[in-house]
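What follows is one structure encoded as structure tokens, with my remarks underneath.
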Amino acid sequence: MKSSFFLLIIYINDRTMFFRKKKPVEERKKKSLLREWLDAGLFALIAASLLRAFIFEAYAIPSGSMEGSMLINDHLFVNKLAYGPRIPNTPLALPLVHNTLPLVNTKSYTDAIQWGYHRLPGFGSVQRNDVVVFNGPDGDTAIAENPELNYYQACRAYGRDVILSNYTIVTHPVDKKENLIKRCVAIPGDVLEIRDARVFINGQPETDYPHTKKNYLVITNGRAPMIDGDPELLKTINNSTYIYNLQNDQLSEMQHDGNVLSVNVYLTDNKGQAPQHPANWVFPLDTVNYKWNRDNYGPLTIPRAGTTVRLTSQNIALYRRIIRNYEHNALDERDGNIFINDKETNSYTFKMNYYFMMGDNRDNSLDSRYWGFVPEDHVVGKAWFVWLSYGDGGMLTDMRWGRLLRGIHALEN
């Protein structure tokens, strides 16, 4: 906010100098056309920067993790007043771009000055089932050539040495991490559990939305199902068995298709079985103490500011990143003992609230199941409405007219 004020002061200059006696109109020098254009351009730049920083920001859906609620190439506005706008952590940045300059692919900011986390008052707080835009928690380290490729997951899949020797690695402060969009399924204090791909919050099944998608094993009589909506066929196992990625509204139609014998959720791993390959490990990436997987996960309590948790060598994996990376403490583990800021301890009190975010395309989403809790200082705003949407054919030939200027709530139902 301070940086925006500085820009505003520079722009005001002789227009609002309250302590200077104004010259008579006839004595004022008329500005050139170029000066008028530059003046108008500077005003527009400052106004757009202030709106982007504190009111709303444009965001484009980059992947299918929120299908079918949000589609690739949905362009939407993010409401920053919903939860309160953040004061920028990184004030020395070029306006109207996020973290990279187009064409030259270099950083659009310098982190020489970093401000702490402060948020202005908003109209409310993050609630369950809100569609939220936030900075990716593990986006502090990124692969410059492919920012959408998760650095930590790539290291687990191919080895850290391979990644470091073949790619350029960049680091980002909180407000310059890549933006993500997911649905908030659990808020501070909630207990989350996933049982056979069904999410439970505080023991109750989550709200089902018509467009939430999961993978299903479909067994037929040998004839292909005939349902509307062009369901996504992921794999043909044999001439009567298929794996489909279905929305909830498509699931009912599939179950009533005359050629279908059975439809069941397709589970990659059973309860109590951790994935074999490190690239598929889920948070907290401790397969000894937490034999969790994508479809059977938890129970896990979401941290709330001011609450204290007991720390042990068995559960420290849940809280390492919170203590060290998000709340900036020195954490050391020696001989089964835990030291925070050089003091031995068996407890920790959270400074911030945390959230658990998941994509609506549940089996095709990199979300909190893989990178854990989302800190409150990473929250950008609430998804508001779609102002532009088009398919793979582009804006000229493949506009999705039915999605234009529609609110997120209307699109998810």
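A note on labels: chains of the structure tokens are A, B, ... as shown, every chain counts residues from 1, and ligands are counted from 1 in their shown order.
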
**Request:** Skip Leu331 in chain A itself and residues of its chain fewer than 6 positions away, then list as a count of residues only all residues within 10 Å of it, counting only C-alpha atoms.
**Result:** 12

**Request:** Using DSSP on the backbone coordinates, identify the residues of range 166-287 of chain A assigned to strand (DSSP E); present them as a PyMOL selection string.
**Result:** chain A and resi 169-171+179-186+191-195+198-201+204-205+213-220+232-238+241-247+260-265

Take the residues that were just selected and, keeping C-alpha atoms, output them as an mmCIF file, in the first residue's frame.
data_model
loop_
_atom_site.group_PDB
_atom_site.id
_atom_site.type_symbol
_atom_site.label_atom_id
_atom_site.label_comp_id
_atom_site.auth_asym_id
_atom_site.auth_seq_id
_atom_site.Cartn_x
_atom_site.Cartn_y
_atom_site.Cartn_z
ATOM 1 C CA ILE A 169 15.501 -22.650 -10.378
ATOM 2 C CA VAL A 170 13.942 -19.439 -9.055
ATOM 3 C CA THR A 171 12.562 -18.533 -5.642
ATOM 4 C CA ASN A 179 -1.639 -18.154 -8.061
ATOM 5 C CA LEU A 180 -3.855 -21.229 -7.769
ATOM 6 C CA ILE A 181 -7.619 -21.703 -7.579
ATOM 7 C CA LYS A 182 -9.311 -24.429 -5.528
ATOM 8 C CA ARG A 183 -12.328 -24.995 -3.330
ATOM 9 C CA CYS A 184 -11.892 -24.578 0.419
ATOM 10 C CA VAL A 185 -13.133 -27.844 1.915
ATOM 11 C CA ALA A 186 -11.959 -27.311 5.514
ATOM 12 C CA VAL A 191 -11.264 -32.289 11.213
ATOM 13 C CA LEU A 192 -10.931 -33.552 7.639
ATOM 14 C CA GLU A 193 -10.991 -37.165 6.535
ATOM 15 C CA ILE A 194 -11.241 -38.798 3.114
ATOM 16 C CA ARG A 195 -12.769 -42.279 3.013
ATOM 17 C CA ARG A 198 -15.484 -39.198 -0.148
ATOM 18 C CA VAL A 199 -14.593 -36.122 1.921
ATOM 19 C CA PHE A 200 -15.894 -35.866 5.487
ATOM 20 C CA ILE A 201 -15.683 -32.692 7.580
ATOM 21 C CA GLN A 204 -20.210 -35.293 8.066
ATOM 22 C CA PRO A 205 -19.993 -35.847 4.286
ATOM 23 C CA LYS A 213 -15.697 -34.911 -10.939
ATOM 24 C CA LYS A 214 -14.188 -38.254 -9.899
ATOM 25 C CA ASN A 215 -12.839 -41.322 -11.665
ATOM 26 C CA TYR A 216 -15.182 -44.318 -11.882
ATOM 27 C CA LEU A 217 -14.738 -47.952 -12.881
ATOM 28 C CA VAL A 218 -17.589 -48.762 -15.273
ATOM 29 C CA ILE A 219 -18.437 -52.361 -16.220
ATOM 30 C CA THR A 220 -20.793 -52.865 -19.165
ATOM 31 C CA GLU A 232 -14.297 -38.242 -20.474
ATOM 32 C CA LEU A 233 -13.016 -41.760 -21.123
ATOM 33 C CA LEU A 234 -9.663 -42.149 -19.373
ATOM 34 C CA LYS A 235 -8.851 -45.783 -20.095
ATOM 35 C CA THR A 236 -10.270 -48.900 -21.734
ATOM 36 C CA ILE A 237 -9.295 -51.968 -19.703
ATOM 37 C CA ASN A 238 -11.092 -54.478 -21.961
ATOM 38 C CA THR A 241 -14.562 -52.364 -18.570
ATOM 39 C CA TYR A 242 -13.704 -48.664 -18.651
ATOM 40 C CA ILE A 243 -12.437 -45.863 -16.430
ATOM 41 C CA TYR A 244 -14.404 -42.628 -16.834
ATOM 42 C CA ASN A 245 -13.941 -39.186 -15.310
ATOM 43 C CA LEU A 246 -17.536 -38.227 -14.474
ATOM 44 C CA GLN A 247 -19.341 -35.266 -12.992
ATOM 45 C CA VAL A 260 -24.012 -50.525 -17.697
ATOM 46 C CA LEU A 261 -23.795 -53.348 -15.150
ATOM 47 C CA SER A 262 -21.962 -51.481 -12.346
ATOM 48 C CA VAL A 263 -20.344 -48.132 -11.541
ATOM 49 C CA ASN A 264 -17.889 -47.754 -8.655
ATOM 50 C CA VAL A 265 -15.423 -45.100 -7.552
#

May I have a table of the residues of range 268-368 of chain A lying at most 10 Å from range 129-134 of chain A, giving each one's closest pair of atoms and their distance in Å to one decimal, counting only C-alpha atoms, ordered by chain and ascending residue number, as CSV?
residue,atom,partner,partner_atom,distance
A:Met357,CA,A:Val132,CA,8.3
A:Met358,CA,A:Val131,CA,9.6
A:Gly359,CA,A:Val131,CA,9.3
A:Asp360,CA,A:Val131,CA,9.8

Store the residues of this selection in a file with N, CA and C atoms, as an mmCIF file, in the first residue's frame.
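Okay, selection_20.cif is ready:
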data_model
loop_
_atom_site.group_PDB
_atom_site.id
_atom_site.type_symbol
_atom_site.label_atom_id
_atom_site.label_comp_id
_atom_site.auth_asym_id
_atom_site.auth_seq_id
_atom_site.Cartn_x
_atom_site.Cartn_y
_atom_site.Cartn_z
ATOM 1 N N MET A 357 -7.475 -26.948 0.841
ATOM 2 C CA MET A 357 -8.055 -26.659 -0.474
ATOM 3 C C MET A 357 -7.970 -27.889 -1.380
ATOM 4 N N MET A 358 -9.051 -28.130 -2.131
ATOM 5 C CA MET A 358 -9.064 -29.242 -3.077
ATOM 6 C C MET A 358 -9.717 -28.808 -4.382
ATOM 7 N N GLY A 359 -9.258 -29.403 -5.491
ATOM 8 C CA GLY A 359 -9.877 -29.147 -6.782
ATOM 9 C C GLY A 359 -11.166 -29.932 -6.933
ATOM 10 N N ASP A 360 -12.118 -29.396 -7.701
ATOM 11 C CA ASP A 360 -13.378 -30.103 -7.936
ATOM 12 C C ASP A 360 -13.181 -31.333 -8.811
#

**Message:** At a cut-off of 12 Å, using only C-alpha atoms, what residues contact Thr110 in chain A? Leave out same-chain residues fewer than 4 positions from it and give the result as a list in words.
**Reply:** Asn89, Thr90, Pro91, Leu92, Ala93, Leu94, Asn99, Thr100, Thr106, Gln114, Thr171, His172, Pro173 and Lys176 of chain A

**Request:** Have a look at CA of Ile408 in chain A and CA of Trp384 in chain A and let me know their distance in Å, one decimal.
**Result:**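 Separating CA of Ile408 in chain A from CA of Trp384 in chain A is a distance of 5.8 Å.
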
**Prompt:** Taking only C-alpha atoms into account, which of A:Thr312, A:Ala142, A:Pro95, A:Leu103 comes nearest Leu45 in chain A?
**Reply:**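 Result for the nearest residue to Leu45 in chain A: A:Pro95.
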
**Asked** Which residues come within 7 Å of Pro375 in chain A, counting only C-alpha atoms, excluding same-chain residues fewer than 6 positions away, as a ChimeraX atom specification?
**Response** /A:352-355

**Prompt:** Residues at most 9 Å from Asp190 in chain A, counting only C-alpha atoms, excluding those fewer than 4 positions away in the same chain, as a PyMOL selection string?
**Reply:** chain A and resi 186+201-202+300-304

**Item:** Test item: residues at most 8 Å from range 75-86 of chain A, only C-alpha atoms, excluding those fewer than 3 positions along its chain, as a ChimeraX atom specification
**Value:** /A:53-61,117-126,133,377,380-389

**Fill in**
From the list A:Asn135, A:Thr212, A:Thr168, A:Asn413, the nearest residue to Asn364 in chain A using only C-alpha atoms is A:Thr212

**Prompt:** When distances are computed from only C-alpha atoms, which of A:Thr349, A:Asn221, A:Ser240, A:Ser313 shows the smallest separation from Asp332 in chain A?
**Reply:** A:Ser313

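Proximity ranking of A:Leu38, A:Met226, A:Met395, A:Leu149 relative to Ser63 in chain A places A:Leu149 first, based on only C-alpha atoms.
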
**Pick from A:Pro210, A:Gly336, A:Gly372, A:Gly258 nearest to Gly298 in chain A, counting only C-alpha atoms** =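 Answer, going by the shortest atom-to-atom distance: A:Gly372.
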
**Contact residues around range 269-286 of chain A with only C-alpha atoms at 7 Å, ignoring same-chain residues under 4 positions, as a PyMOL selection string** = chain A and resi 153+156-157+290-296+317-318+369-372

Go ahead and save the picked residues with C-alpha atoms, as an mmCIF file, in the first residue's frame.
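Output contents, as saved in again_14.cif:
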data_model
loop_
_atom_site.group_PDB
_atom_site.id
_atom_site.type_symbol
_atom_site.label_atom_id
_atom_site.label_comp_id
_atom_site.auth_asym_id
_atom_site.auth_seq_id
_atom_site.Cartn_x
_atom_site.Cartn_y
_atom_site.Cartn_z
ATOM 1 C CA GLN A 153 7.101 -33.167 -6.874
ATOM 2 C CA ARG A 156 10.696 -36.624 -5.830
ATOM 3 C CA ALA A 157 9.952 -38.062 -9.266
ATOM 4 C CA TYR A 290 1.065 -41.640 7.864
ATOM 5 C CA LYS A 291 0.007 -44.350 5.437
ATOM 6 C CA TRP A 292 -2.335 -42.022 3.615
ATOM 7 C CA ASN A 293 -3.151 -41.743 -0.069
ATOM 8 C CA ARG A 294 -5.261 -39.616 -2.393
ATOM 9 C CA ASP A 295 -8.464 -41.550 -1.707
ATOM 10 C CA ASN A 296 -8.013 -42.438 1.969
ATOM 11 C CA ALA A 317 6.021 -33.956 9.748
ATOM 12 C CA LEU A 318 2.573 -32.326 9.812
ATOM 13 C CA ARG A 369 -3.579 -33.530 -0.268
ATOM 14 C CA TYR A 370 -0.110 -33.128 -1.787
ATOM 15 C CA TRP A 371 1.261 -29.843 -0.410
ATOM 16 C CA GLY A 372 -0.671 -29.491 2.836
#

**Request:** Tell me which of A:Ile187, A:Ile72, A:Val104, A:Ile87 sits closest to Val174 in chain A, counting only C-alpha atoms.
**Result:**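 Checking each of A:Ile187, A:Ile72, A:Val104, A:Ile87 against Val174 in chain A, counting only C-alpha atoms, the winner is A:Ile87.
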